[in-house]
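A short write-up of the structure that comes next.
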Amino acid sequence: MRPTVVLIGPMGSGKTTVGRVLAQAWNVTARDTDHDVEASQGRSISDIFVESGEEHFRRLERDAVRRALAEHGGVLALGGGAVLDEETRALLAGHQVVFLRVGLSDAVKRVGLATSRPLLLGNIRSRVKALLDERTPIYEAVATFSVDTDGRNPDEVADEIRRHIEENR
Ligand SMILES: Nc1ncnc2c1ncn2[C@@H]1O[C@H](COP(=O)(O)OP(=O)(O)OP(=O)(O)O)[C@@H](O)[C@H]1O
Ligand SMILES: O=C(O)C1=C[C@@H](O)[C@@H](O)[C@H](O)C1
Ligand SMILES: [Mg+2]
């Protein structure tokens with residue numbers, strides 16, 4: 001089994017949301033490594049960060065990505081920082097990997113004031129900007145295709161991905 005498509009991108013780019021729309025369109029299941037980590041630990045990502053630290057979360061995330069890539073045949077959304085891990089990047093080689101691009105202002109609007117994203121605590125706008133600046137080159141290097149999400153709703157984003165994947169099967 002291998003995922004039809006793997007979605008990567010920053011927090012608020014819409015990986016989880018667009019992943020669900022795509023899965024429904026293709027009549028397959030959507031899987032999300034953030035959810036897998038939370039389910040395997042029985043605690044939220046915020047609690048894992050606070051109680052065990054980011055490094056521990058990254059190890060759990062790497063294992064979750066490895067398992068999902070091996071087991072899952074539908075749409076797979078990764079956590080925003082999953083591609084920081086070198087082993088994860090290597091595992092993605094040969095897969096259809098789509099980068100959901102989002103600019104600073106749409107990302108900030110979408111993540112809102114939720115406290116469920118520990119890396120955004122503090123000044124959300126400056127945290128989002130720092131993460132976008134640092135990670136955009138990594139997302140670009142890993143992706144086989146990228147799609148702009150600014151000013152577009154999840155259905156429009158999913159449609160563009162669907163067309164691309166169906167044309168490149
Ligand atoms: N294209 C879009 N237009 C407007 N709102 C969107 C779009 N995509 C997602 N959203 C909204 O933005 C919020 C964040 O989306 P989502 O949780 O799917 O992002 P994510 O990339 O999975 O983030 P994370 O890395 O934190 O898991 C949700 O409230 C979702 O409804
Ligand atoms: O961008 C990140 O590093 C993160 C994104 C989320 O999906 C979660 O995996 C977690 O909040 C960390
Ligand atoms: Mg998500």
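So you can find residues: chains in the structure tokens are A, B, ... in the order shown, residues in each start at 1, and ligands are numbered from 1 in order.
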
Quick one: residues within 12 Å of Glu54 (chain A), only C-alpha atoms counted, chain neighbours fewer than 4 positions away excluded, as a ChimeraX atom specification?
/A:45-50,58-61,81-82,117-119

Grab me every residue within 7 Å of ligand 1, counting only C-alpha atoms and all ligand atoms, and send it over as number ranges by chain.
A: 9-18, 34, 79-80, 110-111, 117, 149-154, 157

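Of the listed residues A:Val75, A:Leu132, A:Leu91, A:Leu100, the one whose atoms come nearest to Ile8 (chain A) is A:Leu100, with distances taken using only C-alpha atoms.
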
Mind listing the helix (DSSP H, G or I) residues of region 18-139 of chain A, per DSSP on the backbone, as a ChimeraX atom specification?
/A:18-26,33-41,45-52,54-71,82-84,86-92,104-111,118-120,124-139

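Listed by chain and then by rising number, the residues of region 5-128 of chain A that DSSP assigns to strand (DSSP E or B) from the backbone are Val5, Val6, Leu7, Ile8, Ala30, Arg31, Asp32, Val75, Leu76, Ala77, Val97, Val98, Phe99, Leu100 and Arg101 of chain A.
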
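Comparing A:Val37, A:Ala64, A:Leu22, A:Leu78 by their smallest distance to ligand 3, the closest is A:Leu78 (using only C-alpha atoms and all ligand atoms).
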
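Restricting the calculation to only C-alpha atoms and all ligand atoms, the smallest distance between ligand 2 and any of A:Gly103, A:Gly53, A:Gly94, A:Gly74 is found for A:Gly53.
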
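The two atoms in question, CA of Leu113 (chain A) and CA of Leu76 (chain A), are spaced 25.6 Å apart.
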
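Relative to CA of Asn27 (chain A), atom 1 (O, counted along the ligand's line) of ligand 2 is found at 27.8 Å.
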
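The interatomic distance for the pair atom 9 (O, counted along the ligand's line) of ligand 2 and CA of Thr136 (chain A) works out to 15.8 Å.
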
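Across A:Glu156, A:Lys129, A:Ala68, A:His56, the tightest approach to His35 (chain A) is made by A:Ala68 when counting only C-alpha atoms.
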
Nearest-residue call for ligand 2, choices A:Ser105, A:Thr4, A:Ser116, A:Thr29, using only C-alpha atoms and all ligand atoms:
A:Ser116
